[in-house]
Each structure stands twice: as structure tokens, then as C-alpha cells.
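Structure record follows, encoded as C-alpha cells.
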Amino acid sequence: MKDDKHATAQPQHWRNWLSFAGGVVAIGSFFAFLLLFAIDVFAHNGNPYMGILAYVIAPFFLFLGLGLMGIGIWFQRRHARRMGVVETHSLLAVDLSRPDDRRRLQIFAVGSVVFLLFPAIGSYQSYQVSESVQFCGQACHVPMKPEFTAYQSSPHARVSCVECHVGHGPEAFVKAKMNGVHQLIGVITGDYDRPIKTPIRNLRPARETCEQCHWPQKFSGNIDRTYPHFLADATNTAYAIRLSLKVGGADPTHGPVGGIHWHVSQDNKIEYLATDDRRQIIPWVRVTDPQGVVTEYRTAKFTNDANAFEIRRMDCIDCHNRPAHQYRAPNDAVDFALSIGKLDPKLPWIKSNAVAVLAAKYATEAEAMAGIAGRLRATYASAPEVDDLVRKVQTIYQQNFFPEMKADWRAYPVNIGHKDWAGCFRCHDGKHSAVGTKKQIPASDCTSCHTIIAQGTGAELNQMSPRLEFKHPGDPVDGACNDCHSGGP
């Protein structure tokens with residue numbers, strides 16, 4: 001027969017420090033989940049990283065707390081059985097007529113409010129952090145470093161990441177949450193693309209992103225632009241081209257429909273298919289005009305069924321495909337640095353030498369820094385400011401080249417224009433013919449989308465003309481620009 005003391009004991013197995021700690025963690029994480037879920041559902045802008053906080057981290061701590069409670073109860077029951085304690089059940093009784101019970105209830109109420117206040121503040125602050133550009137760009141430091149660095153120097157540097165990368169509505173909500181969890185797993189396991197693949201397949205349409213700020217009905221007309229370049233010769237000869245870009249308009253109620261923006265007119269419907277992942281090879285185009293007449297264009301080699309491919313309707317992103325994350329090619333980066341005086345054009349061969357050291361292949365950023373310094377110091381050892389030169393070229397590299405992620409201009413085509421990549425010539429190459437006729441998509445030349453009004457150097461740039469033929473520096477050339485230009489040496 002068991003001892004009477006043990007027989008009348010009333011063990012409460014949850015009353016141990018491990019179960020208490022688990023209960024605190026479980027209650028706090030559950031309350032945090034409710035707050036995060038409410039913020040995520042009712043916030044004006046969604047955020048894929050909220051999926052990590054609300055649907056991964058908070059539930060993880062909830063189940064961790066419940067697990068600790070269970071382990072504590074199991075140990076307590078095991079200990080009670082070893083001691084021969086008989087299990088009995090009792091209910092918690094609070095008698096408000098007793099001063100001790102009232103005091104304990106007050107302490108419990110105040111403690112509960114204070115305790116729940118901490119998860120509330122923490123949840124809100126977590127939401128604010130996850131909304132920030134710094135979180136998007138720096139939380140996953142290695143994979144996002146190239147995109148974050150390029151973004152800071154882009155025309156959209158004051159537009160937060162979530163404005164473009166997260167949508168509204170139930171479908172976008174679910175996709176964003178799943179994407180956030182997938183990103184977390186990828187960063188933890190190191191299983192992510194190097195470089196990150198583009199175009200992003202689930203990127204929101206331009207109508208939901210670009211057109212929230214850029215008014216598609218605006219008539220832009222012609223826009224004046226000057227593009228400075230420097231030749232790869234001993235004196236780094238300056239050579240600029242001043243263009244009148246025929247941007248035009250896309251809405252007949254605000255101006256004539258024409259120019260470059262004709263492609264996104266609301267009255268025209270342009271569809272295409274690409275046979276490569278980067279949308280650089282476009283053998284099929286379909287145009288539906290305002291009268292509903294459909295014209296299908298194909299290259300001679302494309303005999304496939306178009307419906308077997310993804311058919312995409314053209315929008316802003318098909319040309320402006322790097323609006324916030326553009327990596328300058330070595331030629332462009334050095335031209336820009338020379339044009340603003342960051343690099344001294346009086347240094348002999350600095351254009352070609354700087355381009356060469358930037359375009360070289362390096363395995364790591366540290367190797368690149370050492371390689372750039374070594375080659376430039378060897379070449380310009382007698383220059384009084386060689387240290388400053390090295391530092392500036394290294395900075396250009398750090399802003400545009402990321403060897404660990406294999407991210408630079410080679411990995412990401414730029415479709416606005418046609419100098420280093422096919423761009424406009426993907427369709428306007430004179431090789432797309434209408435089915436059953438001899439009609440073709442017009443081939444672009446140097447005056448199709450822009451008019452050259454000045455070119456050359458020095459005083460030549462002041463000799464403007466309403467229409468000039470393009471004069472290539474050095475010997476005349478034939479063919480598309482990107483046939484020779486690649487962005488590198």
C-alpha cells in the first residue's frame with residue numbers, strides 16, 4: 001500500500017520550468033503569428049518576406065514551445081511515477097474574496113499585457129524591417145548583393161523593392177508567400193542560381209508596376225539625348241553622338257500614335273514568342289491592329305507550331321528589361337567615368353587599359369581587386385596618382401561585377417537600344433516575313449527610331465543638322481552594331 005502522503009498529492013505535471021518556458025514561447029509566437037497574419041492580409045503592399053516571418057518563423061517557435069511543454073510534462077510524469085505519486089486532477093480555483101487571489105490575478109493580468117505587448121511591437125517592427133529595401137537587398141547578402149548594388153545607382157533607386165516584385169489579390173498573395181519560403185530554403189541550403197536567372201517568370205505585368213507611376217497615355221514626342229564615348233586609342237579620343245529619339249506616343253487622344261511607344265499602344269496588340277530563356281531569339285511575331293486585322297510574321301527557319309511555345313504580349317519590360325538592376329558593360333562604365341572626370345582622359349590608353357582589366361575573368365572579388373591593382377600599377381607606375389586611379393577602377397568593378405554570383409553585363413542582356421545586344425534587332429532585322437505575303441517587319445536603320453543631329457568631338461557637336469547619316473569612327477562598317485560591339489575590349 002502506498003504512503004498516504006503520496007496517495008493524496010495532487011501533481012500538476014505542467015508545473016515545471018521547462019513547460020513554463022515552452023508555454024511562454026508558444027503563447028508569444030501564437031500571438032505574433034496572429035498579428036503578422038493580420039498585417040500581411042490588410043497591409044496596402046504585400047511582402048514575400050512576411051511569408052517567412054508569419055508562416056515559417058512564428059509557427060516554428062509555436063511548435064517549439066508546444067514541444068517544450070510536452071517534454072516538460074513527460075519528464076514530470078516520469079518523475080512522479082518513479083516517486084509513486086498517484087495522479088489526481090484538480091481545477092484551478094480563484095476566490096476573489098481572498099486578498100492573495102486578487103493580488104495574484106492582478107499580477108497575472110499586468111504580466112500578460114506586458115508579455116503580449118512585446119510580441120506585438122516585435123511583430124510590427126519585423127514587418128517594417130521586411131518592407132525595407134535594406135532587408136530585401138542585404139538579408140540574403142550573397143545572392144542579392146549584385147541586384148542591391150545595381151539598384152542603388154538605378155533610376156528607380158527610390159522605389160522600394162516590394163512595389164514591383166509583389167502583387168495584390170489572393171493569387172499574388174499565395175505566390176509571394178510560397179516564393180518567400182522557397183527563397184529562405186535556398187539561402188539556407190545554398191541552392192540558388194548563380195547568376196539569378198532573368199527574365200523573372202512570375203514578375204508582375206508592367207500594367208501593375210510601371211504604369212502605376214508612368215502614365216502610358218503620355219505623348220513624349222522626340223527626346224534629345226547625347227551619348228559620350230571615348231575611342232580605344234592612345235589619346236582616348238572623345239566621340240559623342242547626339243540623337244533625337246522618336247519616343248512618340250501610344251494614345252491617339254493625347255497625340256499622334258507613333259515612334260517607339262507605338263509598340264505599347266492600347267489599340268495595337270503585339271505578341272511574340274522566344275525560343276530561348278533570355279528572350280533574345282524571337283522568330284515569331286503577331287500584330288493585331290486597331291481594326292482587328294491580324295498579321296503573323298515568321299523567320300524562314302521557324303516552321304514550328306507557335307502554340308507549342310509561350311506567347312507573350314509585349315509591354316514595357318520587353319525593351320526596358322533592366323529598369324532597376326543594370327550592370328554597366330566595361331566600355332560603357334569607362335566611357336561614363338571619363339565623361340564625368342572620374343578617370344583622366346589625359347592618361348595614355350586609359351580607355352583600353354581600364355576596359356581590359358575590368359573585363360578580365362576573376363574567380364572572386366578579392367582576386368579582381370588584386371588583379372586590377374597589379375596590372376594598372378605595372379602600366380602606370382610613373383603616374384603620380386596611380387593609387388587614386390587603382391581605387392577608382394576598383395570601385396567601378398565593385399559596382400558592376402560580382403564574380404561570386406557570376407553576375408555582370410554578360411549575364412544580363414539589355415534590350416533598350418541595340419549597341420551591345422540585339423535589342424530592337426530581335427524583331428527589326430529584316431528577316432521576319434508575313435505569312436503568305438512578302439510583307440516584312442521593317443528593318444531598323446540609324447534613323448528608324450532616332451535622328452542623328454550632331455556627332456563627333458569638340459566643335460562638331462555644335463554643328464547640328466536636322467538629319468545626319470551615322471558616321472562610324474574609323475573605317476565604315478556594315479551590319480548591326482552588336483555584330484561587333486560586345487561591351488568589352
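Every chain in the C-alpha cells takes a letter, A first, then B, and so on in the order presented; its residues are numbered from 1, and the ligands are numbered from 1 following the presented order.
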With a distance cut-off of 7 Å and only C-alpha atoms, select the neighbouring residues of A:Leu68, excluding the residue or stretch itself and same-chain residues fewer than 5 positions from it, and output the selection as an mmCIF file with C-alpha atoms, in the first residue's frame.
data_model
loop_
_atom_site.group_PDB
_atom_site.id
_atom_site.type_symbol
_atom_site.label_atom_id
_atom_site.label_comp_id
_atom_site.auth_asym_id
_atom_site.auth_seq_id
_atom_site.Cartn_x
_atom_site.Cartn_y
_atom_site.Cartn_z
ATOM 1 C CA LEU A 18 10.619 23.541 -18.954
ATOM 2 C CA SER A 19 6.846 23.505 -19.509
ATOM 3 C CA GLY A 22 7.523 26.291 -23.530
#
*Skipping near chain neighbours, those fewer than 2 positions away, what residues fall within 8 Å of A:Phe33 using only C-alpha atoms, listed as a list in words?*
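In the requested format, the answer is Ser29, Phe30, Phe31, Leu35, Leu36, Phe37, Ala54, Tyr55, Ala58 and Pro59 of chain A.
Taking only C-alpha atoms, the non-local environment of stretch 465-479 of chain A within 7 Å (same-chain residues fewer than 5 positions away omitted) comprises Cys446, Thr451, Ile452, Ile453 and Ala454 of chain A.
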*Would you please give, as a ChimeraX atom specification, all residues of stretch 146-319 of chain A that DSSP assigns to strand (DSSP E) based on the backbone?*
/A:221-230,238-248,269-273,284-288,294-298,312-313
Serialized selection, N, CA and C atoms, as a CSV table (one decimal), in the first residue's frame:
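To be explicit, this is the file written out as result_17.csv:
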chain,number,residue,atom,x,y,z
A,221,GLY,N,6.8,62.6,-77.6
A,221,GLY,CA,7.4,63.2,-78.8
A,221,GLY,C,8.8,62.8,-79.0
A,222,ASN,N,9.7,63.7,-79.4
A,222,ASN,CA,11.1,63.5,-79.5
A,222,ASN,C,11.9,63.9,-78.3
A,223,ILE,N,12.8,63.1,-77.9
A,223,ILE,CA,13.6,63.4,-76.7
A,223,ILE,C,15.1,63.5,-77.1
A,224,ASP,N,15.7,64.6,-76.7
A,224,ASP,CA,17.1,64.9,-77.1
A,224,ASP,C,18.1,64.2,-76.1
A,225,ARG,N,19.0,63.4,-76.6
A,225,ARG,CA,20.0,62.7,-75.8
A,225,ARG,C,21.4,62.7,-76.4
A,226,THR,N,22.4,62.9,-75.6
A,226,THR,CA,23.8,62.9,-76.0
A,226,THR,C,24.5,61.8,-75.4
A,227,TYR,N,25.1,60.9,-76.1
A,227,TYR,CA,25.8,59.7,-75.6
A,227,TYR,C,27.4,59.9,-75.8
A,228,PRO,N,28.1,60.2,-74.7
A,228,PRO,CA,29.5,60.4,-74.9
A,228,PRO,C,30.3,59.0,-74.9
A,229,HIS,N,31.3,59.0,-75.8
A,229,HIS,CA,32.1,57.8,-75.9
A,229,HIS,C,33.6,58.3,-76.1
A,230,PHE,N,34.5,57.3,-75.8
A,230,PHE,CA,35.9,57.6,-76.0
A,230,PHE,C,36.5,56.4,-76.7
A,238,ALA,N,37.7,61.6,-77.6
A,238,ALA,CA,36.3,61.8,-77.3
A,238,ALA,C,35.5,61.7,-78.6
A,239,TYR,N,34.3,61.0,-78.6
A,239,TYR,CA,33.5,60.9,-79.7
A,239,TYR,C,32.0,60.8,-79.2
A,240,ALA,N,31.2,61.8,-79.4
A,240,ALA,CA,29.9,61.8,-78.8
A,240,ALA,C,28.9,61.7,-80.0
A,241,ILE,N,27.7,61.2,-79.7
A,241,ILE,CA,26.6,61.2,-80.6
A,241,ILE,C,25.4,61.8,-80.0
A,242,ARG,N,24.8,62.8,-80.6
A,242,ARG,CA,23.6,63.5,-80.1
A,242,ARG,C,22.4,63.1,-81.0
A,243,LEU,N,21.4,62.5,-80.3
A,243,LEU,CA,20.3,61.9,-81.0
A,243,LEU,C,19.0,62.6,-80.6
A,244,SER,N,18.0,62.6,-81.5
A,244,SER,CA,16.7,63.0,-81.2
A,244,SER,C,15.9,61.7,-81.3
A,245,LEU,N,15.6,61.1,-80.1
A,245,LEU,CA,14.9,59.8,-80.0
A,245,LEU,C,13.4,60.0,-80.3
A,246,LYS,N,12.9,59.2,-81.2
A,246,LYS,CA,11.5,59.3,-81.6
A,246,LYS,C,10.6,58.4,-80.7
A,247,VAL,N,10.5,58.9,-79.4
A,247,VAL,CA,9.7,58.2,-78.4
A,247,VAL,C,8.2,58.1,-78.8
A,248,GLY,N,7.7,59.3,-79.3
A,248,GLY,CA,6.3,59.3,-79.7
A,248,GLY,C,5.3,59.1,-78.6
A,269,LYS,N,-2.0,45.4,-80.6
A,269,LYS,CA,-1.7,44.2,-79.7
A,269,LYS,C,-0.5,43.5,-80.4
A,270,ILE,N,0.6,43.5,-79.8
A,270,ILE,CA,1.8,42.8,-80.3
A,270,ILE,C,2.2,41.7,-79.4
A,271,GLU,N,2.2,40.5,-80.0
A,271,GLU,CA,2.6,39.3,-79.3
A,271,GLU,C,3.8,38.6,-80.0
A,272,TYR,N,4.6,37.9,-79.2
A,272,TYR,CA,5.7,37.3,-79.7
A,272,TYR,C,6.1,36.0,-78.9
A,273,LEU,N,6.9,35.2,-79.5
A,273,LEU,CA,7.4,34.0,-78.7
A,273,LEU,C,8.9,34.0,-78.9
A,284,TRP,N,9.0,34.6,-84.1
A,284,TRP,CA,7.6,34.7,-84.5
A,284,TRP,C,7.0,35.9,-83.8
A,285,VAL,N,6.2,36.7,-84.5
A,285,VAL,CA,5.6,37.9,-84.0
A,285,VAL,C,4.2,38.0,-84.6
A,286,ARG,N,3.2,38.4,-83.8
A,286,ARG,CA,1.8,38.5,-84.3
A,286,ARG,C,1.3,39.9,-83.9
A,287,VAL,N,0.8,40.7,-84.9
A,287,VAL,CA,0.4,42.0,-84.7
A,287,VAL,C,-1.1,42.1,-85.0
A,288,THR,N,-1.9,42.6,-84.0
A,288,THR,CA,-3.3,42.9,-84.3
A,288,THR,C,-3.5,44.4,-84.2
A,294,VAL,N,-5.2,40.8,-88.1
A,294,VAL,CA,-4.1,40.0,-87.5
A,294,VAL,C,-3.1,39.7,-88.6
A,295,THR,N,-1.8,40.0,-88.3
A,295,THR,CA,-0.7,39.7,-89.2
A,295,THR,C,0.3,38.9,-88.5
A,296,GLU,N,0.7,37.8,-89.0
A,296,GLU,CA,1.7,36.9,-88.3
A,296,GLU,C,3.0,36.9,-89.1
A,297,TYR,N,4.1,37.2,-88.4
A,297,TYR,CA,5.4,37.2,-89.0
A,297,TYR,C,6.2,36.1,-88.5
A,298,ARG,N,7.0,35.5,-89.4
A,298,ARG,CA,7.9,34.4,-89.0
A,298,ARG,C,9.3,34.6,-89.7
A,312,ARG,N,3.8,35.7,-75.5
A,312,ARG,CA,3.8,36.8,-74.6
A,312,ARG,C,3.3,38.1,-75.3
A,313,ARG,N,2.5,38.9,-74.6
A,313,ARG,CA,2.1,40.2,-75.1
A,313,ARG,C,3.2,41.2,-74.8
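Within the 10 Å cut-off around A:Asp267, using only C-alpha atoms and omitting residues fewer than 6 positions from it on the same chain, the listed residues are Ala250, Asp251, Pro252, Val257, Thr288, Asp289, Pro290, Gln291 and Gly292 of chain A.
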Create the file for the chosen residues now, containing C-alpha atoms and written as a PDB file, in the first residue's frame.
ATOM      1  CA  ALA A 250       0.718  55.372 -77.588  1.00  0.00           C
ATOM      2  CA  ASP A 251      -2.631  57.087 -77.121  1.00  0.00           C
ATOM      3  CA  PRO A 252      -4.401  58.892 -80.007  1.00  0.00           C
ATOM      4  CA  VAL A 257       0.389  57.303 -82.171  1.00  0.00           C
ATOM      5  CA  THR A 288      -3.318  42.903 -84.253  1.00  0.00           C
ATOM      6  CA  ASP A 289      -4.081  46.427 -85.488  1.00  0.00           C
ATOM      7  CA  PRO A 290      -6.903  48.738 -84.243  1.00  0.00           C
ATOM      8  CA  GLN A 291      -9.235  47.342 -86.903  1.00  0.00           C
ATOM      9  CA  GLY A 292      -8.704  43.804 -85.635  1.00  0.00           C
TER      10      GLY A 292
END
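Residue nearest A:Pro205, chosen from A:Ile416, A:Tyr192, A:Ile317, A:Gly488 and counting only C-alpha atoms: A:Ile317.
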_According to DSSP computed on the backbone, where in stretch 143-335 of chain A is there alpha helix (DSSP H)? Give the residues as a PyMOL selection string._
chain A and resi 143-152+161-165+169-189+330-335
*A:Ala232 environment, 10 Å, only C-alpha atoms, sequence neighbours closer than 5 positions dropped, as a list in words*: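 Here the answer would be Thr237, Ala238, Asn331, Pro348, Trp349, Ile350, Lys351, Ser352, Asn353, Val355 and Pro489 of chain A.
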